[in-house]
Every structure is written in structure tokens, then in C-alpha cells.
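**Student:** Please read through the structure below; I'll follow up with questions.
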Amino acid sequence: MFDTRELGRRPGALKRVSRTAPAPADLGTEVIGVPAGARLEVDLRMESVMEGVLVTGTVRAPLAGECVRCLEPLAREGEAEFQEMFRYPDADGPARRPAVPADEEGDEETPSLQGDFFDLEPVLRDAVVLALPLQPVCREDCPGLCPECGTPLAEDPDHGHDEAVDIRWAALREFAGSARPGGRETQDKQTKAPRASGEDPQET
Ligand SMILES: [Zn+2]
Ligand SMILES: [Zn+2]
């Protein structure tokens, strides 16, 4: 809540306010957002106008999320600008209401001062969420993950698979590889067996 009492109601009056506040929960999207409790730095200017108080400002906050391509965690600074008009409650009286179509969004678009105070949280929330990248990436040219095996391609750029053929060949190679040492092993045993039965443990 911000207080407008020091501002006064004379049109043209100006007041600057800087404040830090802990971020509310769920400030962000599924992929990126401001961690709950993180420091929100708000700089704003209140300006008294005929109908109410015009609030213009900037909010800065740390962002945490993950790269949509490689799923690596990422952190950066976010900044958003906002502007909102908070009407004087008396200026928004019943006499004016019929002129405005009473649809559901109408009331939210023209928030009123609550006494001498206004609640900036919905405004900050909208501004921050709108300024968030829709598809955050760890870097612009992030190659993402290998669609075959999920390896991050940034770590292994030359990485590739020759489709299903590759898998079959790999299986064949594995088979051939396991067969050959097996054969050697039996040969070794046969050649070793007579020596082991001999009384001399040292081979000459
Ligand atoms: Zn990435
Ligand atoms: Zn792969």
C-alpha cells in the first residue's frame, strides 16, 4: 500500500517514492518469474491530477527460471515499467458509472484510491508478468537438447545419431564385442588349466 497523503490533491503536485518490498508468491509464469520473497525495487512518481493520482514507475527484480530449450536454470535481472491511474473514490461516484459499460474488466481498468492509499501490487504483477520473456533461453543460440537422447547439444555439438540403423549396428557391434572376449576367455582357461595343475605357479 502506498500513501498519497503527503502528495495532496492539488493537480500538478508531484512526489517521488522509492521502496523495496518482498515479492509476492506466484509472480511469474511457468518458465520464469520472480522468486517469492525476492527484493522488488520500486521507483515511482505520483502525480496529482484532476481525477486522481497518476502513478508512473519502474520495478526491478531478480528473475529465476529455466531455458526452454536446454532446461538449464537461468537467473537474470528483470525490469518493467508501469503506469496506472488511481481515481479519487468520489470522482468515480455513481453519477459517472452509467457512462462506462459495466463489463467485468471495466472495474479493474480504473482502480480507485482506497481512502488516501492505493494498492500497487496488481499493477506491479501485470507489469512484471508482461515484461517476462515468453520463451526464456540461456543464450540466444542455445542449441537445446538432442531429440534422440536428451544430451544438451551445447556440451556436445558434434553429437548425432544415424536414426534407427545406428541403433541396430550398435547392437550388432555390442554382440560381436561380447562374443570375442568370451571366446578368448575359454581359450585362456584351456591353456591355463594344465599350467595351473602343474606345481610351478610362476610362468616361464
Ligand atoms: Zn539453453
Ligand atoms: Zn543424442
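FYI, nothing fancy with the C-alpha cells labels: chains A, B, ... in order, residues from 1 per chain, ligands from 1 as they appear.
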Hey, which residues come within 8 Å of ligand 2 if we count only C-alpha atoms and all ligand atoms? Could you give them as number ranges by chain?
**Tutor:** A: 145-151, 159-161
**Student:** Would you kindly return, as a count of residues only, each protein, DNA or RNA residue with an atom no farther than 10 Å from any atom of Ala25 of chain A, considering only C-alpha atoms and excluding same-chain residues fewer than 3 positions away?
**Tutor:** 8
**Student:** Nearest to Leu132 of chain A among A:Met46, A:Ala64, A:Leu120, A:Leu153, with distances taken over only C-alpha atoms: which residue is it?
**Tutor:**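 So, comparing all the options, the nearest one is A:Ala64.
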**Student:** Around ligand 1, out to 10 Å and counting only C-alpha atoms and all ligand atoms, which residues are there? I want them as a list in words.
**Tutor:**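 Going residue by residue within 10 Å of ligand 1, we get Glu66, Cys67, Val68, Arg69, Cys70, Leu71, Glu72, Pro73, Leu74, Pro136, Val137, Cys138, Arg139, Glu140, Asp141, Cys142, Pro143, Gly144, Leu145, Pro152, Leu153 and Ala154 of chain A.
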**Student:** For Arg39 of chain A, which residue among A:Pro133, A:Pro111, A:Pro24, A:Pro157 is the nearest when counting only C-alpha atoms?
**Tutor:** A:Pro24
**Student:** Excluding segment 1-7 of chain A and residues on its chain fewer than 2 positions from it, collect all residues at most 9 Å away from it, counting only C-alpha atoms, and give them as a VMD selection string.
**Tutor:** chain A and resid 9 to 10 13 to 15 46 to 48 53 113 116 to 121
**Student:** Mind dumping the selected residues with N, CA and C atoms as a PDB file, in the first residue's frame?
**Tutor:**
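Output saved as part_7.pdb:
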```
ATOM      1  N   ARG A   9      -3.974  16.905  -2.900  1.00  0.00           N
ATOM      2  CA  ARG A   9      -4.872  16.694  -4.031  1.00  0.00           C
ATOM      3  C   ARG A   9      -4.865  17.837  -5.041  1.00  0.00           C
ATOM      4  N   ARG A  10      -3.936  18.743  -4.883  1.00  0.00           N
ATOM      5  CA  ARG A  10      -3.901  19.827  -5.863  1.00  0.00           C
ATOM      6  C   ARG A  10      -3.292  19.294  -7.159  1.00  0.00           C
ATOM      7  N   ALA A  13       0.657  18.427  -8.296  1.00  0.00           N
ATOM      8  CA  ALA A  13       1.579  18.055  -7.216  1.00  0.00           C
ATOM      9  C   ALA A  13       2.285  16.750  -7.583  1.00  0.00           C
ATOM     10  N   LEU A  14       3.570  16.672  -7.255  1.00  0.00           N
ATOM     11  CA  LEU A  14       4.384  15.513  -7.610  1.00  0.00           C
ATOM     12  C   LEU A  14       5.096  14.978  -6.386  1.00  0.00           C
ATOM     13  N   LYS A  15       5.262  13.671  -6.343  1.00  0.00           N
ATOM     14  CA  LYS A  15       6.055  13.082  -5.267  1.00  0.00           C
ATOM     15  C   LYS A  15       6.712  11.822  -5.793  1.00  0.00           C
ATOM     16  N   MET A  46       4.331   9.816  -8.147  1.00  0.00           N
ATOM     17  CA  MET A  46       2.893  10.058  -8.017  1.00  0.00           C
ATOM     18  C   MET A  46       2.626  11.475  -8.501  1.00  0.00           C
ATOM     19  N   GLU A  47       1.606  11.595  -9.281  1.00  0.00           N
ATOM     20  CA  GLU A  47       1.255  12.910  -9.789  1.00  0.00           C
ATOM     21  C   GLU A  47      -0.231  13.139  -9.555  1.00  0.00           C
ATOM     22  N   SER A  48      -0.526  14.208  -8.884  1.00  0.00           N
ATOM     23  CA  SER A  48      -1.924  14.525  -8.610  1.00  0.00           C
ATOM     24  C   SER A  48      -2.536  15.156  -9.859  1.00  0.00           C
ATOM     25  N   VAL A  53      -4.806  10.080  -8.852  1.00  0.00           N
ATOM     26  CA  VAL A  53      -3.350  10.084  -8.765  1.00  0.00           C
ATOM     27  C   VAL A  53      -2.800   9.206  -9.879  1.00  0.00           C
ATOM     28  N   LEU A 113      -8.456   4.924  -5.469  1.00  0.00           N
ATOM     29  CA  LEU A 113      -7.759   5.048  -4.201  1.00  0.00           C
ATOM     30  C   LEU A 113      -8.649   4.474  -3.120  1.00  0.00           C
ATOM     31  N   ASP A 116      -6.762   7.320   1.291  1.00  0.00           N
ATOM     32  CA  ASP A 116      -5.597   8.015   0.748  1.00  0.00           C
ATOM     33  C   ASP A 116      -4.564   7.036   0.208  1.00  0.00           C
ATOM     34  N   PHE A 117      -4.913   5.770   0.156  1.00  0.00           N
ATOM     35  CA  PHE A 117      -3.933   4.749  -0.202  1.00  0.00           C
ATOM     36  C   PHE A 117      -4.274   4.102  -1.539  1.00  0.00           C
ATOM     37  N   PHE A 118      -3.235   3.544  -2.156  1.00  0.00           N
ATOM     38  CA  PHE A 118      -3.506   2.702  -3.318  1.00  0.00           C
ATOM     39  C   PHE A 118      -2.675   1.444  -3.233  1.00  0.00           C
ATOM     40  N   ASP A 119      -3.214   0.410  -3.810  1.00  0.00           N
ATOM     41  CA  ASP A 119      -2.569  -0.896  -3.771  1.00  0.00           C
ATOM     42  C   ASP A 119      -1.876  -1.109  -5.109  1.00  0.00           C
ATOM     43  N   LEU A 120      -0.559  -1.125  -5.060  1.00  0.00           N
ATOM     44  CA  LEU A 120       0.202  -1.231  -6.302  1.00  0.00           C
ATOM     45  C   LEU A 120       0.425  -2.677  -6.738  1.00  0.00           C
ATOM     46  N   GLU A 121       0.126  -3.620  -5.866  1.00  0.00           N
ATOM     47  CA  GLU A 121       0.513  -4.994  -6.186  1.00  0.00           C
ATOM     48  C   GLU A 121      -0.060  -5.514  -7.511  1.00  0.00           C
TER      49      GLU A 121
END
```
**Student:** Between A:Ile32, A:Gly115, A:Glu81, A:Leu40, which is the closest to Gly52 of chain A once you count only C-alpha atoms?
**Tutor:**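 So, comparing all the options, the nearest one is A:Gly115.
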**Student:** State, in Å with one decimal place, the distance from atom CA of Arg125 of chain A to atom CA of Ser112 of chain A.
**Tutor:**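 According to the coordinates, atom CA of Arg125 of chain A and atom CA of Ser112 of chain A are separated by 17.1 Å.
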**Student:** Which is closer to Leu124 of chain A than all the others in A:Val17, A:Val31, A:Leu63, A:Leu44, using only C-alpha atoms?
**Tutor:**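 Going through A:Val17, A:Val31, A:Leu63, A:Leu44 one by one, the smallest distance to Leu124 of chain A is for A:Leu44.
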**Student:** Excluding segment 82-85 of chain A and its own-chain neighbours fewer than 2 positions away, which residues fall within 8 Å of it when counting only C-alpha atoms? Please give them as a list in words.
**Tutor:**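 Selected residues are Gly52, Val53, Leu54, Val55, Thr56, Gly57, Thr58, Val59, Ala80, Arg87, Thr110, Pro111, Val123, Leu124 and Ala127 of chain A.
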**Student:** List every residue of segment 6-134 of chain A that DSSP, applied to the backbone of this structure, places in strand (DSSP E), and write the result as a VMD selection string.
**Tutor:** chain A and resid 14 to 22 27 to 28 32 to 34 39 to 48 52 to 66 73 to 87 117 to 118
